[in-house]
>>> print(open('entry09.pdb').read())   # PDB, C-alpha atoms
ATOM      1  CA  MET A   1     -83.017-135.624  65.219
ATOM      2  CA  ASN A   2     -83.099-137.932  62.214
ATOM      3  CA  ILE A   3     -79.558-138.425  60.894
ATOM      4  CA  ASN A   4     -80.593-138.051  57.251
ATOM      5  CA  GLN A   5     -82.368-134.824  58.160
ATOM      6  CA  VAL A   6     -79.094-133.469  59.540
ATOM      7  CA  ALA A   7     -77.428-134.225  56.217
ATOM      8  CA  LYS A   8     -80.235-132.509  54.298
ATOM      9  CA  GLU A   9     -79.892-129.390  56.432
ATOM     10  CA  VAL A  10     -76.162-129.274  55.728
ATOM     11  CA  PHE A  11     -76.857-129.588  52.006
ATOM     12  CA  GLU A  12     -79.405-126.779  52.162
ATOM     13  CA  ILE A  13     -77.199-124.423  54.184
ATOM     14  CA  GLU A  14     -74.134-124.939  52.010
ATOM     15  CA  SER A  15     -76.022-124.841  48.709
ATOM     16  CA  GLN A  16     -77.590-121.543  49.762
ATOM     17  CA  ALA A  17     -74.140-120.225  50.614
ATOM     18  CA  ILE A  18     -73.007-121.058  47.091
ATOM     19  CA  LEU A  19     -76.037-119.373  45.533
ATOM     20  CA  ASN A  20     -75.383-116.245  47.559
ATOM     21  CA  LEU A  21     -71.879-115.959  46.106
ATOM     22  CA  SER A  22     -73.295-114.763  42.791
ATOM     23  CA  LYS A  23     -74.977-111.858  44.560
ATOM     24  CA  SER A  24     -71.694-110.563  45.924
ATOM     25  CA  LEU A  25     -69.790-111.065  42.669
ATOM     26  CA  ASP A  26     -68.477-107.758  41.324
ATOM     27  CA  SER A  27     -65.921-106.340  38.894
ATOM     28  CA  ALA A  28     -63.077-107.651  41.042
ATOM     29  CA  PHE A  29     -63.708-111.176  39.768
ATOM     30  CA  GLU A  30     -63.297-110.245  36.110
ATOM     31  CA  ALA A  31     -60.301-108.058  36.965
ATOM     32  CA  SER A  32     -58.701-110.966  38.814
ATOM     33  CA  VAL A  33     -59.192-113.291  35.849
ATOM     34  CA  ARG A  34     -57.695-110.778  33.429
ATOM     35  CA  ALA A  35     -54.765-110.131  35.759
ATOM     36  CA  VAL A  36     -53.929-113.836  35.836
ATOM     37  CA  LEU A  37     -54.363-114.121  32.068
ATOM     38  CA  ASN A  38     -51.986-111.215  31.455
ATOM     39  CA  ALA A  39     -49.415-112.290  34.030
ATOM     40  CA  LYS A  40     -46.033-113.468  32.816
ATOM     41  CA  GLY A  41     -45.505-115.442  36.010
ATOM     42  CA  LYS A  42     -47.396-118.079  37.965
ATOM     43  CA  LEU A  43     -50.405-117.958  40.264
ATOM     44  CA  ILE A  44     -49.165-118.589  43.800
ATOM     45  CA  ILE A  45     -51.812-119.533  46.360
ATOM     46  CA  SER A  46     -51.435-119.369  50.128
ATOM     47  CA  GLY A  47     -53.681-119.877  53.112
ATOM     48  CA  MET A  48     -53.586-121.198  56.665
ATOM     49  CA  GLY A  49     -55.477-124.138  58.158
ATOM     50  CA  LYS A  50     -58.672-125.147  56.347
ATOM     51  CA  SER A  51     -58.222-122.237  53.922
ATOM     52  CA  GLY A  52     -54.813-123.646  53.069
ATOM     53  CA  ILE A  53     -56.264-127.087  52.385
ATOM     54  CA  ILE A  54     -58.800-125.552  50.004
ATOM     55  CA  GLY A  55     -56.022-123.436  48.512
ATOM     56  CA  LYS A  56     -54.047-126.564  47.660
ATOM     57  CA  LYS A  57     -57.018-127.949  45.766
ATOM     58  CA  ILE A  58     -57.564-124.675  43.887
ATOM     59  CA  SER A  59     -53.891-124.578  42.948
ATOM     60  CA  ALA A  60     -54.019-128.183  41.714
ATOM     61  CA  THR A  61     -57.065-127.392  39.582
ATOM     62  CA  MET A  62     -55.359-124.336  38.125
ATOM     63  CA  ALA A  63     -52.185-126.227  37.295
ATOM     64  CA  SER A  64     -54.085-128.974  35.462
ATOM     65  CA  THR A  65     -56.245-126.581  33.449
ATOM     66  CA  GLY A  66     -53.683-124.293  31.892
ATOM     67  CA  THR A  67     -52.752-121.845  34.663
ATOM     68  CA  PRO A  68     -49.272-122.522  36.119
ATOM     69  CA  SER A  69     -49.745-122.539  39.876
ATOM     70  CA  PHE A  70     -48.475-123.916  43.155
ATOM     71  CA  PHE A  71     -49.410-123.639  46.823
ATOM     72  CA  ILE A  72     -47.101-122.161  49.431
ATOM     73  CA  HIS A  73     -47.652-122.485  53.179
ATOM     74  CA  PRO A  74     -47.708-118.956  54.694
ATOM     75  CA  ALA A  75     -45.685-119.857  57.779
ATOM     76  CA  GLU A  76     -43.020-121.651  55.759
ATOM     77  CA  ALA A  77     -43.022-118.787  53.258
ATOM     78  CA  TYR A  78     -42.235-116.369  56.071
ATOM     79  CA  HIS A  79     -39.326-118.584  57.116
ATOM     80  CA  GLY A  80     -37.547-118.823  53.776
ATOM     81  CA  ASP A  81     -39.926-120.006  51.079
ATOM     82  CA  LEU A  82     -40.685-116.458  49.950
ATOM     83  CA  GLY A  83     -37.767-116.972  47.597
ATOM     84  CA  MET A  84     -40.104-119.159  45.540
ATOM     85  CA  ILE A  85     -42.210-116.104  44.624
ATOM     86  CA  GLU A  86     -40.937-114.074  41.673
ATOM     87  CA  LYS A  87     -41.831-110.494  40.835
ATOM     88  CA  GLU A  88     -44.038-111.437  37.896
ATOM     89  CA  ASP A  89     -46.123-113.879  39.924
ATOM     90  CA  ILE A  90     -49.647-113.138  41.112
ATOM     91  CA  VAL A  91     -50.460-114.191  44.658
ATOM     92  CA  LEU A  92     -53.887-115.346  45.849
ATOM     93  CA  LEU A  93     -54.167-115.097  49.638
ATOM     94  CA  ILE A  94     -57.042-116.917  51.330
ATOM     95  CA  SER A  95     -58.366-116.106  54.813
ATOM     96  CA  ASN A  96     -62.037-116.210  55.708
ATOM     97  CA  SER A  97     -61.564-113.650  58.485
ATOM     98  CA  GLY A  98     -59.093-111.621  56.502
ATOM     99  CA  GLU A  99     -57.040-111.272  59.695
ATOM    100  CA  THR A 100     -54.970-114.464  59.733
ATOM    101  CA  ASP A 101     -51.604-113.377  61.097
ATOM    102  CA  GLU A 102     -49.464-115.800  59.060
ATOM    103  CA  VAL A 103     -51.116-114.604  55.855
ATOM    104  CA  LEU A 104     -50.913-110.899  56.682
ATOM    105  CA  LYS A 105     -47.171-111.195  57.328
ATOM    106  CA  LEU A 106     -46.649-111.922  53.631
ATOM    107  CA  ILE A 107     -48.151-108.631  52.466
ATOM    108  CA  PRO A 108     -45.140-106.319  53.091
ATOM    109  CA  PHE A 109     -42.886-108.589  51.046
ATOM    110  CA  LEU A 110     -45.414-108.878  48.212
ATOM    111  CA  LYS A 111     -45.981-105.138  48.088
ATOM    112  CA  ALA A 112     -42.250-104.444  48.110
ATOM    113  CA  HIS A 113     -41.867-106.731  45.101
ATOM    114  CA  ARG A 114     -44.982-105.269  43.462
ATOM    115  CA  ASN A 115     -46.746-108.595  43.173
ATOM    116  CA  ILE A 116     -50.435-108.331  42.353
ATOM    117  CA  ILE A 117     -52.409-109.584  45.343
ATOM    118  CA  ILE A 118     -55.819-111.214  45.015
ATOM    119  CA  ALA A 119     -57.546-111.635  48.358
ATOM    120  CA  MET A 120     -60.267-114.166  49.044
ATOM    121  CA  SER A 121     -62.074-113.531  52.328
ATOM    122  CA  GLY A 122     -65.495-113.185  53.880
ATOM    123  CA  LYS A 123     -64.766-109.689  55.246
ATOM    124  CA  PRO A 124     -64.614-106.903  52.623
ATOM    125  CA  ASN A 125     -63.310-104.482  55.268
ATOM    126  CA  SER A 126     -60.637-106.805  56.644
ATOM    127  CA  THR A 127     -56.937-106.005  56.706
ATOM    128  CA  LEU A 128     -56.343-108.540  53.948
ATOM    129  CA  ALA A 129     -59.051-107.090  51.710
ATOM    130  CA  LYS A 130     -57.803-103.516  52.189
ATOM    131  CA  ASN A 131     -54.248-104.495  51.278
ATOM    132  CA  SER A 132     -55.054-106.384  48.095
ATOM    133  CA  ASN A 133     -55.395-105.312  44.499
ATOM    134  CA  TYR A 134     -58.592-107.313  44.080
ATOM    135  CA  HIS A 135     -60.908-108.747  46.721
ATOM    136  CA  LEU A 136     -63.188-111.735  46.113
ATOM    137  CA  ASN A 137     -65.981-111.857  48.668
ATOM    138  CA  ILE A 138     -66.677-115.374  50.010
ATOM    139  CA  ALA A 139     -68.894-114.296  52.922
ATOM    140  CA  VAL A 140     -71.536-116.775  54.106
ATOM    141  CA  ASP A 141     -74.565-116.152  56.301
ATOM    142  CA  LYS A 142     -73.793-119.095  58.552
ATOM    143  CA  GLU A 143     -71.721-122.219  58.834
ATOM    144  CA  ALA A 144     -73.340-125.641  58.560
ATOM    145  CA  CYS A 145     -71.670-126.422  61.889
ATOM    146  CA  PRO A 146     -74.361-126.052  64.620
ATOM    147  CA  LEU A 147     -71.776-124.402  66.897
ATOM    148  CA  GLN A 148     -70.784-121.953  64.144
ATOM    149  CA  LEU A 149     -67.171-122.907  64.807
ATOM    150  CA  ALA A 150     -65.985-125.489  62.270
ATOM    151  CA  PRO A 151     -65.431-124.016  58.780
ATOM    152  CA  THR A 152     -68.031-125.696  56.579
ATOM    153  CA  SER A 153     -70.091-123.326  54.444
ATOM    154  CA  SER A 154     -67.154-120.929  54.306
ATOM    155  CA  THR A 155     -64.724-123.536  52.974
ATOM    156  CA  THR A 156     -67.312-124.680  50.445
ATOM    157  CA  ALA A 157     -67.745-121.083  49.273
ATOM    158  CA  THR A 158     -63.968-120.715  49.011
ATOM    159  CA  LEU A 159     -63.679-123.865  46.936
ATOM    160  CA  VAL A 160     -66.481-122.806  44.585
ATOM    161  CA  MET A 161     -64.973-119.355  44.111
ATOM    162  CA  GLY A 162     -61.677-121.027  43.237
ATOM    163  CA  ASP A 163     -63.439-123.310  40.770
ATOM    164  CA  ALA A 164     -65.149-120.292  39.206
ATOM    165  CA  LEU A 165     -61.760-118.664  38.706
ATOM    166  CA  ALA A 166     -60.298-121.817  37.177
ATOM    167  CA  ILE A 167     -63.202-122.355  34.785
ATOM    168  CA  ALA A 168     -63.262-118.704  33.735
ATOM    169  CA  LEU A 169     -59.547-118.933  32.964
ATOM    170  CA  MET A 170     -60.064-122.167  31.034
ATOM    171  CA  LYS A 171     -62.699-120.572  28.831
ATOM    172  CA  GLN A 172     -60.626-117.467  28.258
ATOM    173  CA  ARG A 173     -57.664-119.622  27.241
ATOM    174  CA  ASP A 174     -59.887-121.843  25.056
ATOM    175  CA  PHE A 175     -58.436-124.787  26.958
ATOM    176  CA  GLN A 176     -59.394-128.042  25.161
ATOM    177  CA  ASP A 177     -59.473-131.707  26.130
ATOM    178  CA  SER A 178     -56.262-132.246  24.171
ATOM    179  CA  ASP A 179     -54.574-129.614  26.361
ATOM    180  CA  PHE A 180     -56.012-131.247  29.473
ATOM    181  CA  ALA A 181     -54.595-134.586  28.368
ATOM    182  CA  GLN A 182     -51.075-133.166  28.236
ATOM    183  CA  PHE A 183     -51.224-132.664  32.004
ATOM    184  CA  HIS A 184     -52.942-136.027  32.665
ATOM    185  CA  PRO A 185     -50.971-138.588  30.646
ATOM    186  CA  GLY A 186     -51.415-141.309  33.235
ATOM    187  CA  GLY A 187     -54.404-143.546  33.895
ATOM    188  CA  SER A 188     -57.483-144.196  31.788
ATOM    189  CA  LEU A 189     -58.188-140.481  31.318
ATOM    190  CA  GLY A 190     -54.876-139.770  29.643
ATOM    191  CA  ARG A 191     -55.113-142.998  27.696
ATOM    192  CA  ARG A 192     -58.462-142.060  26.132
ATOM    193  CA  LEU A 193     -57.435-138.482  25.413
ATOM    194  CA  LEU A 194     -53.981-139.138  23.978
ATOM    195  CA  THR A 195     -54.020-142.622  22.491
ATOM    196  CA  ARG A 196     -55.088-143.179  18.891
ATOM    197  CA  VAL A 197     -57.281-146.035  17.694
ATOM    198  CA  GLU A 198     -54.457-147.473  15.589
ATOM    199  CA  ASP A 199     -52.382-147.862  18.763
ATOM    200  CA  VAL A 200     -54.807-150.340  20.367
ATOM    201  CA  MET A 201     -56.715-151.933  17.477
ATOM    202  CA  GLN A 202     -56.603-155.618  16.621
ATOM    203  CA  LYS A 203     -54.743-155.880  13.308
ATOM    204  CA  GLU A 204     -53.342-159.414  13.121
ATOM    205  CA  LYS A 205     -55.282-162.227  11.430
ATOM    206  CA  LEU A 206     -58.437-160.183  10.958
ATOM    207  CA  PRO A 207     -61.617-162.299  10.602
ATOM    208  CA  ILE A 208     -62.539-161.830   6.935
ATOM    209  CA  VAL A 209     -64.924-163.942   4.849
ATOM    210  CA  ALA A 210     -66.337-163.793   1.320
ATOM    211  CA  MET A 211     -69.952-163.200   0.337
ATOM    212  CA  ASN A 212     -70.587-166.911  -0.361
ATOM    213  CA  THR A 213     -68.856-168.260   2.750
ATOM    214  CA  PRO A 214     -71.101-170.922   4.399
ATOM    215  CA  ILE A 215     -72.227-170.502   7.970
ATOM    216  CA  GLN A 216     -70.128-173.393   9.266
ATOM    217  CA  LYS A 217     -66.984-171.617   8.075
ATOM    218  CA  ILE A 218     -68.205-168.279   9.456
ATOM    219  CA  ILE A 219     -68.649-169.805  12.913
ATOM    220  CA  SER A 220     -65.164-171.292  12.709
ATOM    221  CA  VAL A 221     -63.592-167.939  11.740
ATOM    222  CA  ILE A 222     -65.420-166.116  14.560
ATOM    223  CA  SER A 223     -64.191-168.690  17.075
ATOM    224  CA  GLU A 224     -60.585-168.515  15.895
ATOM    225  CA  ALA A 225     -60.365-164.725  15.838
ATOM    226  CA  ARG A 226     -62.048-164.317  19.237
ATOM    227  CA  LEU A 227     -63.444-160.899  18.313
ATOM    228  CA  GLY A 228     -67.059-161.981  18.181
ATOM    229  CA  LEU A 229     -67.426-160.987  14.526
ATOM    230  CA  VAL A 230     -66.348-161.439  10.922
ATOM    231  CA  VAL A 231     -66.092-158.827   8.189
ATOM    232  CA  VAL A 232     -67.602-159.641   4.799
ATOM    233  CA  ILE A 233     -65.447-158.341   1.925
ATOM    234  CA  HIS A 234     -65.885-158.577  -1.830
ATOM    235  CA  LYS A 235     -63.174-157.310  -4.187
ATOM    236  CA  GLU A 236     -61.465-155.496  -1.295
ATOM    237  CA  VAL A 237     -64.656-153.580  -0.485
ATOM    238  CA  ILE A 238     -66.429-154.105   2.823
ATOM    239  CA  GLN A 239     -69.961-155.390   2.262
ATOM    240  CA  GLY A 240     -71.061-155.957   5.831
ATOM    241  CA  ILE A 241     -70.375-157.488   9.210
ATOM    242  CA  ILE A 242     -71.599-160.593  11.005
ATOM    243  CA  THR A 243     -71.494-160.802  14.804
ATOM    244  CA  ASP A 244     -71.998-163.768  17.061
ATOM    245  CA  GLY A 245     -75.334-162.137  17.942
ATOM    246  CA  ASP A 246     -76.350-162.317  14.284
ATOM    247  CA  ILE A 247     -75.517-166.041  14.331
ATOM    248  CA  ARG A 248     -77.692-166.657  17.407
ATOM    249  CA  ARG A 249     -80.622-164.735  15.949
ATOM    250  CA  ALA A 250     -80.358-166.635  12.665
ATOM    251  CA  MET A 251     -80.323-169.911  14.580
ATOM    252  CA  GLU A 252     -83.603-168.967  16.297
ATOM    253  CA  GLU A 253     -85.335-167.482  13.232
ATOM    254  CA  SER A 254     -84.165-169.867  10.497
ATOM    255  CA  GLN A 255     -83.912-173.250  12.170
ATOM    256  CA  GLU A 256     -84.766-175.297   9.100
ATOM    257  CA  THR A 257     -82.472-173.439   6.682
ATOM    258  CA  PHE A 258     -79.814-172.353   9.168
ATOM    259  CA  PHE A 259     -77.012-174.579   7.852
ATOM    260  CA  SER A 260     -77.596-173.466   4.261
ATOM    261  CA  LEU A 261     -77.100-169.770   5.015
ATOM    262  CA  THR A 262     -74.135-167.830   3.614
ATOM    263  CA  ALA A 263     -72.428-164.604   4.619
ATOM    264  CA  SER A 264     -74.469-162.482   2.192
ATOM    265  CA  GLU A 265     -77.687-163.623   3.910
ATOM    266  CA  LEU A 266     -76.418-163.088   7.449
ATOM    267  CA  MET A 267     -74.467-159.841   7.264
ATOM    268  CA  SER A 268     -75.552-156.438   8.519
ATOM    269  CA  LEU A 269     -74.941-153.626   6.059
ATOM    270  CA  ASN A 270     -73.099-150.358   6.725
ATOM    271  CA  PRO A 271     -71.022-151.428   9.753
ATOM    272  CA  LYS A 272     -69.766-148.633  11.997
ATOM    273  CA  SER A 273     -66.194-147.600  11.328
ATOM    274  CA  ILE A 274     -63.506-145.143  12.388
ATOM    275  CA  GLU A 275     -60.182-143.888  11.039
ATOM    276  CA  GLY A 276     -57.095-145.275  12.746
ATOM    277  CA  LYS A 277     -55.696-141.801  13.470
ATOM    278  CA  GLU A 278     -58.704-140.832  15.623
ATOM    279  CA  LYS A 279     -58.487-140.673  19.427
ATOM    280  CA  LEU A 280     -60.018-143.266  21.744
ATOM    281  CA  THR A 281     -62.447-140.622  22.994
ATOM    282  CA  LEU A 282     -64.109-140.523  19.570
ATOM    283  CA  ALA A 283     -64.208-144.316  19.426
ATOM    284  CA  GLN A 284     -65.921-144.355  22.807
ATOM    285  CA  THR A 285     -68.463-141.769  21.660
ATOM    286  CA  LEU A 286     -69.259-143.651  18.440
ATOM    287  CA  MET A 287     -69.707-146.944  20.280
ATOM    288  CA  THR A 288     -71.975-145.361  22.870
ATOM    289  CA  GLU A 289     -74.122-143.503  20.344
ATOM    290  CA  SER A 290     -74.391-146.494  17.996
ATOM    291  CA  LYS A 291     -74.817-149.011  20.835
ATOM    292  CA  VAL A 292     -72.102-151.303  19.470
ATOM    293  CA  ASN A 293     -69.051-152.880  21.059
ATOM    294  CA  SER A 294     -66.812-152.922  17.984
ATOM    295  CA  LEU A 295     -65.750-150.571  15.189
ATOM    296  CA  LEU A 296     -63.982-151.379  11.939
ATOM    297  CA  VAL A 297     -60.795-149.358  11.575
ATOM    298  CA  MET A 298     -60.298-147.897   8.123
ATOM    299  CA  GLU A 299     -57.524-146.222   6.136
ATOM    300  CA  ASN A 300     -58.123-145.008   2.585
ATOM    301  CA  LYS A 301     -61.424-146.933   2.609
ATOM    302  CA  LYS A 302     -59.643-150.207   3.399
ATOM    303  CA  LEU A 303     -59.895-152.344   6.517
ATOM    304  CA  ILE A 304     -56.759-152.169   8.679
ATOM    305  CA  GLY A 305     -58.095-153.367  12.021
ATOM    306  CA  VAL A 306     -60.899-153.791  14.544
ATOM    307  CA  VAL A 307     -61.225-151.854  17.802
ATOM    308  CA  GLN A 308     -63.484-153.031  20.610
ATOM    309  CA  ILE A 309     -64.758-151.403  23.745
ATOM    310  CA  TYR A 310     -62.411-153.622  25.764
ATOM    311  CA  ASP A 311     -59.452-152.001  23.989
ATOM    312  CA  LEU A 312     -60.360-148.529  25.242
ATOM    313  CA  GLY A 313     -59.280-149.173  28.831
ATOM    314  CA  LEU A 314     -62.564-147.914  30.315
TER     315      LEU A 314
END
>>> encode(input="entry09.pdb", output="structure tokens")
Amino acid sequence: MNINQVAKEVFEIESQAILNLSKSLDSAFEASVRAVLNAKGKLIISGMGKSGIIGKKISATMASTGTPSFFIHPAEAYHGDLGMIEKEDIVLLISNSGETDEVLKLIPFLKAHRNIIIAMSGKPNSTLAKNSNYHLNIAVDKEACPLQLAPTSSTTATLVMGDALAIALMKQRDFQDSDFAQFHPGGSLGRRLLTRVEDVMQKEKLPIVAMNTPIQKIISVISEARLGLVVVIHKEVIQGIITDGDIRRAMEESQETFFSLTASELMSLNPKSIEGKEKLTLAQTLMTESKVNSLLVMENKKLIGVVQIYDLGL
């Protein structure tokens, strides 16, 4: 069989499994979301084997999107780590069969402490489902594995159900990008979401020229500043901007009069600008939408700096 065809069949089987999840979705999903929202404790997730691996990812997604959560290994929980679970916590137990011994052993403890149990399994009549407060059905018609042995479609369905829970909780909490940034301060993501334009802008020796500045001087100022532009200002008011691209175009279009040109004849009006207090995400959006690589940074209608796409850390 063609190797690419095998991949396509896997995609089709697993995508169908995901689509079928919506058909089995019932009131238990909404009840589970509301239970987590109203909980005073954390969302503890546990599962064995492949279900445990997926559970770790679900827990990580929850923790980074506003729902305090951590994963606990069922076997280790049974040998001492149950002390990590408090009475106000909600516990999500994952087992495709609903009969995983290590997972079922946790139920007596959880019931004794009156923890709300959310079960995620592919068997609505399983022991796990019957002993939970809410059951989320992740049943699939078949695995993508040709032997129907390796968890494939079932783990995908589990992951998607977990994502659905996380996104539903995000929306209910009105979780914003600024909240997300608080949990992701590192790397380029946190940098764009948390850092302000004034923190990265170029503010020393800004390239400024007057309206009557000759082109020779303009070229010299652009070269010295190394920002690829100069700002034209008259009586402390910005009149326009001249980029190195404007210089090249003028050289091609006005060869005979090129060296007699002044800033007022070269500048582009209404240059794009941004306030220094704005986040880098807005700067990125403005640059992308306007198709420019630089923005003038303003404060009280006065130039205080220049920010370029290279400053955003993309």
>>> closest_residue(input="entry09.pdb", among="A:Thr155, A:Gln202, A:Thr195, A:Ser121", to="Ala139 (chain A)", atoms="only C-alpha atoms")
A:Ser121
>>> resolve_selection(input="entry09.pdb", expression="the PyMOL selection byres ((chain A and resi 162) around 12)", output="number ranges by chain")
A: 18, 21, 29, 32-33, 45, 51, 54-62, 92-94, 118-121, 136-138, 155-161, 163-169
>>> atom_distance(input="entry09.pdb", atom1="CA of Val292 (chain A)", atom2="CA of Thr257 (chain A)")
27.6 Å
>>> atom_distance(input="entry09.pdb", atom1="CA of Asn212 (chain A)", atom2="CA of Ile247 (chain A)")
15.5 Å
>>> closest_residue(input="entry09.pdb", among="A:Ile219, A:Val209, A:Val6, A:Ile53", to="Pro146 (chain A)", atoms="only C-alpha atoms")
A:Val6
>>> resolve_selection(input="entry09.pdb", expression="the PyMOL selection byres ((chain A and resi 240-246) around 8)", output="list in words")
Ile222, Gly228, Leu229, Val230, Val231, Val232, Ile233, Ile238, Gln239, Ile247, Arg248, Arg249, Ala250, Ala263, Leu266, Met267, Ser268, Leu269, Asn270 and Pro271 of chain A
>>> atom_distance(input="entry09.pdb", atom1="CA of Phe259 (chain A)", atom2="CA of Leu206 (chain A)")
23.7 Å
>>> residues_near_point(input="entry09.pdb", point="(-59.8, -107.7, 52.7)", cutoff="10 Å", atoms="all atoms listed in the file", output="ChimeraX atom specification")
/A:93-99,118-137
>>> write_last_selection(input="entry09.pdb", atoms="C-alpha atoms", output="PDB file, keeping the file's coordinate frame")
ATOM      1  CA  LEU A  93     -54.167-115.097  49.638  1.00  0.00           C
ATOM      2  CA  ILE A  94     -57.042-116.917  51.330  1.00  0.00           C
ATOM      3  CA  SER A  95     -58.366-116.106  54.813  1.00  0.00           C
ATOM      4  CA  ASN A  96     -62.037-116.210  55.708  1.00  0.00           C
ATOM      5  CA  SER A  97     -61.564-113.650  58.485  1.00  0.00           C
ATOM      6  CA  GLY A  98     -59.093-111.621  56.502  1.00  0.00           C
ATOM      7  CA  GLU A  99     -57.040-111.272  59.695  1.00  0.00           C
ATOM      8  CA  ILE A 118     -55.819-111.214  45.015  1.00  0.00           C
ATOM      9  CA  ALA A 119     -57.546-111.635  48.358  1.00  0.00           C
ATOM     10  CA  MET A 120     -60.267-114.166  49.044  1.00  0.00           C
ATOM     11  CA  SER A 121     -62.074-113.531  52.328  1.00  0.00           C
ATOM     12  CA  GLY A 122     -65.495-113.185  53.880  1.00  0.00           C
ATOM     13  CA  LYS A 123     -64.766-109.689  55.246  1.00  0.00           C
ATOM     14  CA  PRO A 124     -64.614-106.903  52.623  1.00  0.00           C
ATOM     15  CA  ASN A 125     -63.310-104.482  55.268  1.00  0.00           C
ATOM     16  CA  SER A 126     -60.637-106.805  56.644  1.00  0.00           C
ATOM     17  CA  THR A 127     -56.937-106.005  56.706  1.00  0.00           C
ATOM     18  CA  LEU A 128     -56.343-108.540  53.948  1.00  0.00           C
ATOM     19  CA  ALA A 129     -59.051-107.090  51.710  1.00  0.00           C
ATOM     20  CA  LYS A 130     -57.803-103.516  52.189  1.00  0.00           C
ATOM     21  CA  ASN A 131     -54.248-104.495  51.278  1.00  0.00           C
ATOM     22  CA  SER A 132     -55.054-106.384  48.095  1.00  0.00           C
ATOM     23  CA  ASN A 133     -55.395-105.312  44.499  1.00  0.00           C
ATOM     24  CA  TYR A 134     -58.592-107.313  44.080  1.00  0.00           C
ATOM     25  CA  HIS A 135     -60.908-108.747  46.721  1.00  0.00           C
ATOM     26  CA  LEU A 136     -63.188-111.735  46.113  1.00  0.00           C
ATOM     27  CA  ASN A 137     -65.981-111.857  48.668  1.00  0.00           C
TER      28      ASN A 137
END
>>> axis_aligned_box(input="entry09.pdb", around="region 233-238 of chain A", padding_each_side="5 Å", output="lines of an AutoDock Vina configuration file")
center_x = -63.9
center_y = -156.1
center_z = -0.7
size_x = 15.0
size_y = 15.0
size_z = 17.0
>>> build_atoms(input="entry09.pdb", residues="region 161-172 of chain A", atoms="N, CA and C atoms", output="compact mmCIF listing (two decimals), in the coordinates of the input")
# COMPACT_ATOMS: atom_id res chain seq x y z
N MET A 161 -65.54 -120.57 44.70
CA MET A 161 -64.97 -119.36 44.11
C MET A 161 -63.69 -119.69 43.35
N GLY A 162 -62.89 -120.59 43.92
CA GLY A 162 -61.68 -121.03 43.24
C GLY A 162 -61.99 -121.76 41.94
N ASP A 163 -63.03 -122.60 41.98
CA ASP A 163 -63.44 -123.31 40.77
C ASP A 163 -63.92 -122.33 39.71
N ALA A 164 -64.65 -121.30 40.15
CA ALA A 164 -65.15 -120.29 39.21
C ALA A 164 -63.98 -119.59 38.52
N LEU A 165 -62.95 -119.28 39.28
CA LEU A 165 -61.76 -118.66 38.71
C LEU A 165 -61.11 -119.59 37.67
N ALA A 166 -60.96 -120.85 38.06
CA ALA A 166 -60.30 -121.82 37.18
C ALA A 166 -61.07 -122.01 35.88
N ILE A 167 -62.39 -122.12 35.98
CA ILE A 167 -63.20 -122.36 34.78
C ILE A 167 -63.22 -121.12 33.90
N ALA A 168 -63.30 -119.94 34.52
CA ALA A 168 -63.26 -118.70 33.74
C ALA A 168 -61.94 -118.60 32.97
N LEU A 169 -60.85 -118.96 33.62
CA LEU A 169 -59.55 -118.93 32.96
C LEU A 169 -59.47 -119.96 31.84
N MET A 170 -60.03 -121.14 32.07
CA MET A 170 -60.06 -122.17 31.03
C MET A 170 -60.76 -121.66 29.78
N LYS A 171 -61.91 -121.06 29.97
CA LYS A 171 -62.70 -120.57 28.83
C LYS A 171 -61.98 -119.44 28.11
N GLN A 172 -61.36 -118.57 28.88
CA GLN A 172 -60.63 -117.47 28.26
C GLN A 172 -59.42 -117.98 27.47
